[in-house]
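Trainee: My file is entry_12.cif. It has mmCIF, C-alpha atoms and all ligand atoms:
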data_protein
loop_
_atom_site.label_atom_id
_atom_site.label_comp_id
_atom_site.auth_asym_id
_atom_site.auth_seq_id
_atom_site.Cartn_x
_atom_site.Cartn_y
_atom_site.Cartn_z
CA MET N 272 20.01 -11.38 -31.01
CA SER N 273 16.28 -11.52 -30.41
CA LYS N 274 14.25 -10.23 -33.36
CA VAL N 275 11.40 -8.94 -31.22
CA THR N 276 11.26 -5.21 -30.62
CA ILE N 277 8.07 -5.09 -28.56
CA LYS N 278 8.17 -2.35 -25.94
CA PRO N 279 5.43 -3.40 -23.52
CA ILE N 280 6.03 -0.51 -21.11
CA GLU N 281 7.62 2.93 -21.47
CA TRP N 282 7.96 5.89 -19.09
CA GLN N 283 7.22 9.07 -21.02
CA GLU N 284 7.67 12.32 -19.11
CA ASN N 285 5.12 11.76 -16.33
CA ARG N 286 3.02 9.33 -18.32
CA LEU N 287 3.20 5.62 -18.78
CA LYS N 288 2.72 4.04 -22.20
CA ILE N 289 1.71 0.36 -22.03
CA LEU N 290 0.82 -2.28 -24.56
CA ASP N 291 -2.66 -3.62 -23.69
CA GLN N 292 -1.99 -7.36 -23.38
CA SER N 293 -5.67 -8.21 -23.01
CA ARG N 294 -6.21 -7.33 -26.69
CA LEU N 295 -3.26 -9.25 -28.11
CA PRO N 296 -2.67 -10.81 -30.55
CA TRP N 297 -5.56 -9.39 -32.55
CA GLU N 298 -4.97 -5.72 -31.80
CA LYS N 299 -1.77 -3.91 -30.88
CA VAL N 300 -3.19 -1.09 -28.77
CA TYR N 301 -1.06 1.22 -26.63
CA LEU N 302 -2.62 2.95 -23.63
CA ARG N 303 -1.36 6.13 -22.00
CA LEU N 304 -1.79 6.08 -18.25
CA SER N 305 -1.53 9.36 -16.42
CA SER N 306 -2.60 8.50 -12.86
CA TYR N 307 -1.76 5.79 -10.34
CA GLN N 308 -5.45 4.82 -10.30
CA GLU N 309 -5.23 4.02 -14.02
CA VAL N 310 -2.11 1.97 -13.38
CA ALA N 311 -3.84 0.02 -10.58
CA ARG N 312 -6.80 -0.67 -12.88
CA ALA N 313 -4.52 -1.87 -15.70
CA ILE N 314 -2.86 -4.35 -13.32
CA LYS N 315 -6.19 -5.61 -11.91
CA GLU N 316 -7.73 -6.01 -15.36
CA MET N 317 -4.56 -7.74 -16.57
CA LYS N 318 -3.88 -5.32 -19.38
CA VAL N 319 -0.38 -5.72 -18.01
CA ARG N 320 0.51 -8.99 -16.31
CA GLY N 321 3.31 -11.41 -15.43
CA ALA N 322 5.12 -11.30 -12.09
CA PRO N 323 8.23 -9.20 -12.89
CA MET N 324 6.20 -6.87 -15.12
CA ILE N 325 3.67 -6.25 -12.34
CA GLY N 326 6.52 -5.10 -10.09
CA VAL N 327 7.91 -2.79 -12.77
CA ILE N 328 4.58 -1.16 -13.61
CA ALA N 329 3.67 -0.75 -9.94
CA ALA N 330 6.97 1.07 -9.38
CA TYR N 331 6.21 3.44 -12.26
CA GLY N 332 2.69 3.79 -10.83
CA VAL N 333 4.12 5.01 -7.52
CA ALA N 334 6.39 7.47 -9.37
CA LEU N 335 3.45 8.68 -11.46
CA GLY N 336 1.20 9.19 -8.45
CA ALA N 337 3.98 10.98 -6.56
CA GLN N 338 4.41 13.62 -9.30
CA ARG N 339 0.83 14.77 -8.71
CA ILE N 340 0.96 15.03 -4.92
CA GLU N 341 0.44 18.67 -3.95
CA ALA N 342 1.30 18.47 -0.24
CA SER N 343 3.51 21.30 0.93
CA ASN N 344 5.35 19.43 3.68
CA ARG N 345 7.23 16.14 3.76
CA GLU N 346 4.91 14.48 6.27
CA GLY N 347 1.80 15.27 4.21
CA PHE N 348 3.58 14.10 1.07
CA LEU N 349 4.54 10.75 2.62
CA THR N 350 0.99 10.22 3.92
CA GLU N 351 -0.39 10.66 0.40
CA LEU N 352 2.34 8.42 -0.98
CA GLN N 353 1.23 5.74 1.50
CA HIS N 354 -2.30 5.83 -0.01
CA ILE N 355 -0.81 5.37 -3.48
CA THR N 356 1.34 2.41 -2.47
CA GLU N 357 -1.60 0.79 -0.66
CA ALA N 358 -3.82 1.13 -3.74
CA LEU N 359 -1.18 -0.45 -5.99
CA ALA N 360 -0.39 -3.21 -3.47
CA SER N 361 -4.06 -4.23 -3.34
CA THR N 362 -4.28 -5.05 -7.06
CA ARG N 363 -3.01 -8.65 -7.22
CA PRO N 364 -1.93 -10.74 -4.21
CA THR N 365 0.22 -13.61 -5.51
CA ALA N 366 3.27 -12.24 -7.34
CA VAL N 367 5.70 -11.08 -4.65
CA ASN N 368 7.51 -8.87 -7.19
CA LEU N 369 4.69 -6.32 -6.75
CA PHE N 370 5.30 -5.93 -3.02
CA ARG N 371 9.07 -6.01 -3.37
CA ALA N 372 9.04 -3.19 -5.95
CA ILE N 373 6.66 -1.07 -3.87
CA GLU N 374 8.89 -1.57 -0.82
CA ARG N 375 11.92 -0.36 -2.76
CA MET N 376 9.98 2.76 -3.76
CA LYS N 377 8.98 3.46 -0.15
CA VAL N 378 12.55 3.09 1.09
CA VAL N 379 13.99 5.62 -1.39
CA ALA N 380 11.18 8.09 -0.65
CA GLN N 381 11.89 7.91 3.08
CA ALA N 382 15.58 8.55 2.50
CA LYS N 383 15.15 12.02 0.96
CA GLU N 384 14.28 15.25 2.75
CA ASP N 385 12.64 17.66 0.31
CA ILE N 386 9.65 16.96 -1.93
CA PRO N 387 11.17 17.74 -5.38
CA ARG N 388 14.04 15.37 -4.55
CA ILE N 389 11.66 12.63 -3.43
CA LYS N 390 9.70 12.98 -6.68
CA ALA N 391 12.86 12.77 -8.79
CA THR N 392 14.28 9.85 -6.86
CA LEU N 393 11.05 7.86 -7.27
CA VAL N 394 11.25 8.12 -11.06
CA ARG N 395 14.89 7.05 -10.98
CA GLU N 396 14.15 4.09 -8.69
CA ALA N 397 11.32 2.87 -10.96
CA GLU N 398 13.73 3.02 -13.90
CA ARG N 399 16.31 1.14 -11.83
CA ILE N 400 13.79 -1.60 -10.95
CA HIS N 401 12.97 -1.90 -14.65
CA ALA N 402 16.66 -2.15 -15.57
CA ASP N 403 17.33 -4.68 -12.79
CA GLU N 404 14.53 -6.96 -14.05
CA GLU N 405 15.79 -6.63 -17.63
CA ARG N 406 19.34 -7.58 -16.58
CA ALA N 407 18.10 -10.47 -14.41
CA THR N 408 16.13 -12.02 -17.27
CA ARG N 409 19.19 -11.95 -19.56
CA GLN N 410 21.29 -13.73 -16.93
CA ILE N 411 18.54 -16.28 -16.19
CA SER N 412 18.30 -17.01 -19.92
CA GLN N 413 22.04 -17.66 -20.22
CA PHE N 414 22.13 -20.00 -17.20
CA GLY N 415 18.96 -21.78 -18.29
CA ALA N 416 20.03 -22.27 -21.91
CA GLU N 417 22.81 -24.58 -20.65
CA LEU N 418 20.09 -27.04 -19.61
CA ILE N 419 18.63 -27.20 -23.11
CA GLN N 420 20.12 -29.65 -25.58
CA ASP N 421 20.06 -29.57 -29.35
CA GLY N 422 16.86 -31.23 -30.59
CA PHE N 423 14.82 -30.61 -27.40
CA THR N 424 11.06 -30.15 -27.43
CA ILE N 425 10.22 -27.85 -24.51
CA LEU N 426 6.78 -27.61 -22.99
CA THR N 427 5.92 -24.25 -21.43
CA HIS N 428 2.87 -22.84 -19.70
CA CYS N 429 1.34 -19.36 -19.52
CA ASN N 430 3.44 -16.45 -20.81
CA THR N 431 6.90 -15.63 -19.53
CA GLY N 432 8.49 -13.54 -22.27
CA VAL N 433 9.01 -9.85 -22.89
CA LEU N 434 5.36 -9.07 -22.10
CA ALA N 435 5.49 -10.76 -18.69
CA THR N 436 8.88 -9.51 -17.58
CA ALA N 437 9.58 -6.10 -19.15
CA GLY N 438 12.84 -7.81 -20.09
CA TYR N 439 14.05 -10.74 -22.15
CA GLY N 440 11.86 -13.34 -20.46
CA THR N 441 12.25 -16.04 -17.82
CA ALA N 442 11.13 -19.46 -19.14
CA LEU N 443 10.71 -17.98 -22.63
CA GLY N 444 14.04 -16.18 -22.23
CA VAL N 445 15.73 -19.55 -21.66
CA ILE N 446 14.05 -20.88 -24.81
CA LYS N 447 15.09 -17.83 -26.86
CA ALA N 448 18.69 -17.99 -25.61
CA ALA N 449 18.92 -21.70 -26.49
CA LYS N 450 17.75 -20.85 -30.02
CA GLU N 451 20.31 -18.03 -30.25
CA GLN N 452 23.01 -20.54 -29.31
CA GLY N 453 22.08 -22.39 -32.50
CA LYS N 454 20.21 -25.26 -30.85
CA ARG N 455 17.39 -26.75 -32.89
CA ILE N 456 14.46 -26.59 -30.52
CA ARG N 457 10.69 -26.78 -30.65
CA VAL N 458 8.09 -25.55 -28.18
CA LEU N 459 4.77 -27.00 -27.07
CA ALA N 460 2.79 -24.06 -25.66
CA THR N 461 -0.24 -24.80 -23.50
CA GLU N 462 -3.17 -22.49 -24.19
CA THR N 463 -3.45 -21.63 -20.44
CA ARG N 464 -7.12 -21.39 -19.58
CA PRO N 465 -8.97 -19.33 -18.58
CA LEU N 466 -7.31 -16.20 -20.01
CA LEU N 467 -5.28 -17.94 -22.73
CA GLN N 468 -1.90 -16.31 -22.08
CA GLY N 469 -0.26 -19.30 -23.81
CA ALA N 470 -2.45 -19.20 -26.92
CA ARG N 471 -2.62 -15.43 -27.25
CA LEU N 472 0.78 -14.27 -26.03
CA THR N 473 3.34 -17.11 -25.96
CA ALA N 474 2.40 -18.45 -29.40
CA TRP N 475 2.53 -14.87 -30.73
CA GLU N 476 5.92 -14.07 -29.18
CA LEU N 477 7.48 -17.34 -30.36
CA MET N 478 6.15 -16.97 -33.90
CA GLN N 479 7.67 -13.50 -34.09
CA GLU N 480 10.98 -14.94 -32.89
CA GLY N 481 10.86 -17.64 -35.56
CA ILE N 482 10.90 -20.41 -32.95
CA PRO N 483 8.81 -23.43 -33.98
CA VAL N 484 5.78 -23.61 -31.68
CA THR N 485 2.83 -25.98 -31.49
CA LEU N 486 -0.17 -24.79 -29.52
CA ILE N 487 -1.96 -27.44 -27.42
CA THR N 488 -4.85 -27.24 -24.96
CA ASP N 489 -3.91 -27.65 -21.30
CA SER N 490 -5.48 -31.10 -21.18
CA MET N 491 -3.22 -32.42 -23.98
CA ALA N 492 0.02 -32.13 -21.99
CA GLY N 493 -0.11 -35.64 -20.50
CA HIS N 494 -0.76 -37.16 -23.91
CA PHE N 495 2.35 -35.59 -25.45
CA MET N 496 4.49 -36.40 -22.42
CA SER N 497 3.44 -40.05 -22.47
CA LYS N 498 4.33 -40.28 -26.18
CA GLY N 499 7.89 -39.22 -25.39
CA GLU N 500 7.41 -35.90 -27.20
CA VAL N 501 8.51 -33.61 -24.37
CA SER N 502 12.20 -33.29 -23.42
CA CYS N 503 11.65 -30.90 -20.52
CA VAL N 504 9.13 -28.49 -19.02
CA ILE N 505 10.07 -24.89 -18.20
CA VAL N 506 7.75 -22.45 -16.44
CA GLY N 507 8.06 -19.13 -14.63
CA ALA N 508 7.02 -18.29 -11.07
CA ASP N 509 4.95 -15.72 -9.26
CA ARG N 510 6.31 -16.48 -5.81
CA ILE N 511 8.84 -19.00 -4.55
CA ALA N 512 8.73 -19.86 -0.84
CA ALA N 513 11.88 -20.46 1.25
CA ASN N 514 11.61 -24.26 0.83
CA GLY N 515 11.35 -24.04 -2.99
CA ASP N 516 7.57 -24.46 -3.33
CA VAL N 517 6.49 -22.45 -6.38
CA ALA N 518 3.26 -20.55 -7.02
CA ASN N 519 2.69 -20.12 -10.74
CA LYS N 520 -0.19 -19.99 -13.22
CA ILE N 521 -2.98 -22.44 -12.48
CA GLY N 522 -2.19 -25.77 -14.15
CA THR N 523 1.52 -25.68 -13.35
CA TYR N 524 1.15 -28.26 -10.55
CA THR N 525 -0.63 -30.65 -12.91
CA LEU N 526 2.25 -30.35 -15.38
CA ALA N 527 4.82 -30.99 -12.63
CA VAL N 528 3.07 -34.17 -11.48
CA LEU N 529 2.78 -35.43 -15.06
CA ALA N 530 6.45 -34.63 -15.70
CA ARG N 531 7.47 -36.59 -12.58
CA GLU N 532 5.35 -39.59 -13.68
CA GLU N 533 6.98 -39.52 -17.13
CA GLY N 534 10.54 -38.89 -15.88
CA ILE N 535 10.76 -35.47 -17.60
CA PRO N 536 12.84 -32.65 -16.03
CA PHE N 537 10.70 -29.82 -14.68
CA TYR N 538 12.46 -26.43 -14.46
CA VAL N 539 11.35 -23.12 -12.97
CA ALA N 540 12.99 -19.91 -14.25
CA ALA N 541 12.52 -16.83 -12.07
CA PRO N 542 14.37 -13.76 -10.82
CA ILE N 543 15.43 -13.30 -7.19
CA SER N 544 12.62 -10.72 -6.97
CA SER N 545 10.16 -13.67 -7.10
CA ILE N 546 11.73 -15.41 -4.08
CA ASP N 547 10.00 -14.81 -0.75
CA LEU N 548 12.19 -16.13 2.06
CA SER N 549 9.69 -14.84 4.63
CA LEU N 550 7.30 -17.69 3.79
CA PRO N 551 8.52 -21.11 4.97
CA SER N 552 6.43 -23.01 2.40
CA GLY N 553 3.95 -22.63 -0.43
CA GLU N 554 1.06 -23.12 1.98
CA GLN N 555 1.40 -19.48 3.07
CA ILE N 556 1.35 -18.04 -0.47
CA PRO N 557 -1.88 -16.09 -1.06
CA ILE N 558 -3.67 -17.42 -4.14
CA GLU N 559 -5.66 -14.88 -6.16
CA GLU N 560 -9.28 -15.80 -6.85
CA ARG N 561 -10.51 -14.04 -9.99
CA SER N 562 -13.95 -13.34 -11.36
CA PRO N 563 -16.24 -16.23 -12.43
CA GLU N 564 -16.79 -14.56 -15.84
CA GLU N 565 -13.23 -15.49 -16.83
CA VAL N 566 -14.33 -19.15 -16.67
CA THR N 567 -17.92 -18.89 -17.91
CA HIS N 568 -16.97 -16.70 -20.89
CA LEU N 569 -14.33 -16.89 -23.63
CA GLN N 570 -13.44 -13.47 -25.03
CA GLY N 571 -16.87 -12.22 -23.95
CA MET N 572 -18.79 -15.24 -25.35
CA PRO N 573 -20.74 -17.32 -22.81
CA ILE N 574 -19.64 -20.98 -22.78
CA ALA N 575 -21.44 -22.25 -19.65
CA PRO N 576 -25.00 -22.23 -18.31
CA GLU N 577 -25.92 -18.96 -16.65
CA GLY N 578 -25.72 -19.11 -12.86
CA VAL N 579 -23.37 -22.11 -12.67
CA GLU N 580 -21.10 -22.10 -9.61
CA VAL N 581 -17.51 -21.36 -10.57
CA ALA N 582 -14.07 -21.55 -8.94
CA ASN N 583 -11.28 -19.50 -10.47
CA PRO N 584 -7.98 -19.64 -8.59
CA ALA N 585 -5.43 -17.89 -10.83
CA PHE N 586 -2.42 -19.79 -9.46
CA ASP N 587 -1.48 -23.10 -7.87
CA VAL N 588 1.47 -24.24 -5.79
CA THR N 589 3.92 -26.87 -7.00
CA PRO N 590 5.68 -28.56 -4.07
CA HIS N 591 9.47 -28.30 -4.34
CA GLY N 592 9.91 -32.07 -4.60
CA TYR N 593 8.59 -31.97 -8.17
CA ILE N 594 11.05 -29.32 -9.31
CA SER N 595 14.34 -30.43 -10.93
CA ALA N 596 16.00 -27.00 -10.69
CA ILE N 597 15.22 -23.32 -10.18
CA ILE N 598 17.05 -21.04 -12.62
CA THR N 599 17.87 -17.58 -11.21
CA GLU N 600 20.11 -14.71 -12.35
CA ARG N 601 22.68 -15.89 -9.81
CA GLY N 602 22.80 -19.44 -11.10
CA VAL N 603 20.89 -22.71 -11.16
CA VAL N 604 19.65 -23.81 -7.73
CA ARG N 605 19.08 -27.50 -7.02
CA LYS N 606 17.93 -29.43 -3.96
CA PRO N 607 18.09 -28.78 -1.08
CA TYR N 608 16.31 -25.58 -2.11
CA LYS N 609 16.15 -24.07 1.35
CA LYS N 610 19.92 -23.68 1.43
CA GLY N 611 20.39 -22.78 -2.26
CA LEU N 612 17.61 -20.18 -2.37
CA LYS N 613 18.86 -18.53 0.79
CA THR N 614 22.33 -18.27 -0.73
CA VAL N 615 21.19 -16.70 -4.02
CA ALA N 616 18.56 -14.44 -2.46
CA THR N 617 20.73 -12.99 0.29
CA ASN N 618 24.05 -12.83 -1.54
CA SER N 619 23.94 -9.38 -3.18
O1 LIG N 701 -1.97 -14.08 -14.23
P1 LIG N 701 -0.70 -13.75 -14.96
O2 LIG N 701 -0.83 -13.76 -16.44
O3 LIG N 701 -0.08 -12.48 -14.42
O4 LIG N 701 0.26 -14.93 -14.57
C1 LIG N 701 1.54 -14.99 -15.07
C2 LIG N 701 2.26 -16.22 -14.71
O5 LIG N 701 1.77 -17.06 -13.99
C3 LIG N 701 3.64 -16.36 -15.19
O6 LIG N 701 3.93 -17.70 -15.45
C4 LIG N 701 4.56 -15.85 -14.09
O7 LIG N 701 4.21 -14.56 -13.73
C5 LIG N 701 5.95 -15.87 -14.49
S1 LIG N 701 6.25 -14.51 -15.58
C6 LIG N 701 7.81 -14.41 -15.94
#
Please go through the file and, once you have read it, give me the structure as structure tokens.
Mentor:
Amino acid sequence: MSKVTIKPIEWQENRLKILDQSRLPWEKVYLRLSSYQEVARAIKEMKVRGAPMIGVIAAYGVALGAQRIEASNREGFLTELQHITEALASTRPTAVNLFRAIERMKVVAQAKEDIPRIKATLVREAERIHADEERATRQISQFGAELIQDGFTILTHCNTGVLATAGYGTALGVIKAAKEQGKRIRVLATETRPLLQGARLTAWELMQEGIPVTLITDSMAGHFMSKGEVSCVIVGADRIAANGDVANKIGTYTLAVLAREEGIPFYVAAPISSIDLSLPSGEQIPIEERSPEEVTHLQGMPIAPEGVEVANPAFDVTPHGYISAIITERGVVRKPYKKGLKTVATNS
């Protein structure tokens, strides 16, 4: 079993305790959030991040906000709840898990008649969303581990473990499960500029798990692939369109193209909650643009001339043709993705 006992998020009697990921790995600071506004801020400022985790914390955020609504009738209560869900939905646009979780919360609220029952059901539904994501990551990890052979060196990007999923992990879950099966594996973790989720979080999680990890800068990936030092690439996803195009952390597309050039399998591991069948292709996926300071500064230190023009898209889209397989909790989907994704995403 996994050695890591990190609890990145915990519901505590009308408060939410979260591990501040922006301060890892140097400081292990827990924050107590007691309003939905604080939850929205934590998501925006990426104190909590990763697609499945954003869905889980948003659900708890709705439950938290609902407990404080003082409306005396159902209609007034639901109007205030709508403001809360809108505030949480406006935090980050790319990961579809956020919107899916909020939708689930709205549906259960609508289904109950009296206010105390709605409040109680919202807490239960947030806990259910959390449990569903946890279960999904365990299943993904088991399916994905079958693709990993003894002696593999796996290249991964960004952070997809317990911190990003509130569960076992997606891409990192696959890696951990392969290790638990006794396979001798090694990981190349890209640092993941600009916010260094790979260097700060993935390297930290893997070292705690006792999985050999070598940290590289993003620009070194092609070098190691061309030397034959990468057996496969596994990444997570923030949103998967109906045709299998995948939005994930900026730099993922570059890795997929390099992997294709070098004949290296490129896998995506993601829960069904990251699949968005309403979008025909990746072209329609909204890509978050974040603040220029994330590029011009490193941990608060300026690294570029003041006033330089900056672009900072947080995600890119990898066309489905570059993807060897998509690993979900309902099995491994291969081309044609349109058919396979529809089957796993609608077959409950
Ligand atoms: O901007 P972030 O850190 O929230 O981005 C996270 C990623 O891109 C992850 O790769 C993705 O959410 C998959 S997490 C299981």
Trainee: Give me, as a list of chain:residue names, the set of residues whose atoms come within 7 Å of any atom of ligand LIG 701 (chain N), counting all atoms listed in the file.
Mentor: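 So, counting all atoms listed in the file, the residues near ligand LIG 701 (chain N) are N:Met317, N:Arg320, N:Gly321, N:Ala322, N:Pro323, N:Ala366, N:His428, N:Cys429, N:Asn430, N:Thr431, N:Gly432, N:Ala435, N:Thr436, N:Gly440, N:Thr441, N:Ala442, N:Gln468, N:Val506, N:Gly507, N:Ala508, N:Asp509, N:Asn519, N:Lys520, N:Ala541, N:Ala585, N:Phe586.
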Trainee: Which value, in Å to one decimal, gives the distance between CA of Ile505 in chain N and CA of Arg471 in chain N?
Mentor: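 Interatomic distance, CA of Ile505 in chain N to CA of Arg471 in chain N: 18.2 Å.
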Trainee: Give me the range 514-536 of chain N side of the contact with range 594-602 of chain N, cut-off 10 Å, one line per residue showing its nearest atom pair and distance in Å at one decimal, counting all atoms listed in the file, sorted by chain and residue number, as JSON lines.
Mentor:
{"residue": "N:Gly515", "atom": "CA", "partner": "N:Ile597", "partner_atom": "CA", "distance": 8.2}
{"residue": "N:Asp516", "atom": "CA", "partner": "N:Ile594", "partner_atom": "CA", "distance": 8.5}
{"residue": "N:Val517", "atom": "CA", "partner": "N:Ile594", "partner_atom": "CA", "distance": 8.8}
{"residue": "N:Ala527", "atom": "CA", "partner": "N:Ile594", "partner_atom": "CA", "distance": 7.3}
{"residue": "N:Val528", "atom": "CA", "partner": "N:Ile594", "partner_atom": "CA", "distance": 9.6}
{"residue": "N:Ala530", "atom": "CA", "partner": "N:Ile594", "partner_atom": "CA", "distance": 9.5}
{"residue": "N:Arg531", "atom": "CA", "partner": "N:Ile594", "partner_atom": "CA", "distance": 8.7}
{"residue": "N:Ile535", "atom": "CA", "partner": "N:Ser595", "partner_atom": "CA", "distance": 9.1}
{"residue": "N:Pro536", "atom": "CA", "partner": "N:Ser595", "partner_atom": "CA", "distance": 5.8}
Trainee: If you keep C-alpha atoms, can you produce a file of those selected residues as an mmCIF file, keeping the file's coordinate frame?
Mentor:
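Wrote selection-v8.cif, looks like this:
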data_model
loop_
_atom_site.group_PDB
_atom_site.id
_atom_site.type_symbol
_atom_site.label_atom_id
_atom_site.label_comp_id
_atom_site.auth_asym_id
_atom_site.auth_seq_id
_atom_site.Cartn_x
_atom_site.Cartn_y
_atom_site.Cartn_z
ATOM 1 C CA GLY N 515 11.350 -24.040 -2.990
ATOM 2 C CA ASP N 516 7.570 -24.460 -3.330
ATOM 3 C CA VAL N 517 6.490 -22.450 -6.380
ATOM 4 C CA ALA N 527 4.820 -30.990 -12.630
ATOM 5 C CA VAL N 528 3.070 -34.170 -11.480
ATOM 6 C CA ALA N 530 6.450 -34.630 -15.700
ATOM 7 C CA ARG N 531 7.470 -36.590 -12.580
ATOM 8 C CA ILE N 535 10.760 -35.470 -17.600
ATOM 9 C CA PRO N 536 12.840 -32.650 -16.030
#
Trainee: Rounded to one decimal in Å, what is the spacing between CA of Pro387 in chain N and CA of Pro279 in chain N?
Mentor: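 One can read the CA of Pro387 in chain N to CA of Pro279 in chain N distance as 28.4 Å.
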Trainee: To one decimal place in Å, what is the distance between CA of Val458 in chain N and CA of Thr424 in chain N?
Mentor: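 CA of Thr424 in chain N lies at a distance of 5.5 Å from CA of Val458 in chain N.
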Trainee: Pick from N:Val539, N:Val579, N:Ile289, N:Ala311: nearest to His591 in chain N, with all atoms listed in the file counted?
Mentor: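 Closest candidate: N:Val539.
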Trainee: Rebuild N, CA, C and O atoms on range 289-301 of chain N, as a compact mmCIF listing (two decimals), keeping the file's coordinate frame?
Mentor:
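Done, and the output landed in rebuild_27.txt:
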# COMPACT_ATOMS: atom_id res chain seq x y z
N ILE N 289 1.68 1.83 -22.16
CA ILE N 289 1.71 0.36 -22.03
C ILE N 289 1.01 -0.29 -23.22
O ILE N 289 0.08 0.27 -23.81
N LEU N 290 1.49 -1.48 -23.54
CA LEU N 290 0.82 -2.28 -24.56
C LEU N 290 -0.28 -3.06 -23.85
O LEU N 290 -0.01 -3.77 -22.87
N ASP N 291 -1.53 -2.94 -24.32
CA ASP N 291 -2.66 -3.62 -23.69
C ASP N 291 -2.63 -5.11 -24.05
O ASP N 291 -3.03 -5.51 -25.15
N GLN N 292 -2.16 -5.92 -23.09
CA GLN N 292 -1.99 -7.36 -23.38
C GLN N 292 -3.31 -8.11 -23.49
O GLN N 292 -3.36 -9.20 -24.03
N SER N 293 -4.39 -7.51 -22.95
CA SER N 293 -5.67 -8.21 -23.01
C SER N 293 -6.23 -8.24 -24.43
O SER N 293 -7.13 -9.02 -24.73
N ARG N 294 -5.68 -7.38 -25.31
CA ARG N 294 -6.21 -7.33 -26.69
C ARG N 294 -5.30 -8.03 -27.70
O ARG N 294 -5.62 -8.10 -28.89
N LEU N 295 -4.17 -8.52 -27.21
CA LEU N 295 -3.26 -9.25 -28.11
C LEU N 295 -3.78 -10.66 -28.33
O LEU N 295 -4.42 -11.21 -27.45
N PRO N 296 -3.51 -11.28 -29.46
CA PRO N 296 -2.67 -10.81 -30.55
C PRO N 296 -3.45 -10.12 -31.66
O PRO N 296 -2.86 -9.74 -32.66
N TRP N 297 -4.75 -9.91 -31.45
CA TRP N 297 -5.56 -9.39 -32.55
C TRP N 297 -5.32 -7.91 -32.78
O TRP N 297 -5.37 -7.42 -33.90
N GLU N 298 -5.15 -7.17 -31.68
CA GLU N 298 -4.97 -5.72 -31.80
C GLU N 298 -3.75 -5.29 -31.00
O GLU N 298 -3.57 -5.73 -29.86
N LYS N 299 -2.94 -4.44 -31.59
CA LYS N 299 -1.77 -3.91 -30.88
C LYS N 299 -2.12 -2.49 -30.45
O LYS N 299 -1.92 -1.53 -31.18
N VAL N 300 -2.71 -2.39 -29.24
CA VAL N 300 -3.19 -1.09 -28.77
C VAL N 300 -2.33 -0.60 -27.61
O VAL N 300 -2.09 -1.33 -26.65
N TYR N 301 -1.83 0.63 -27.72
CA TYR N 301 -1.06 1.22 -26.63
C TYR N 301 -1.95 2.15 -25.83
O TYR N 301 -2.75 2.90 -26.41
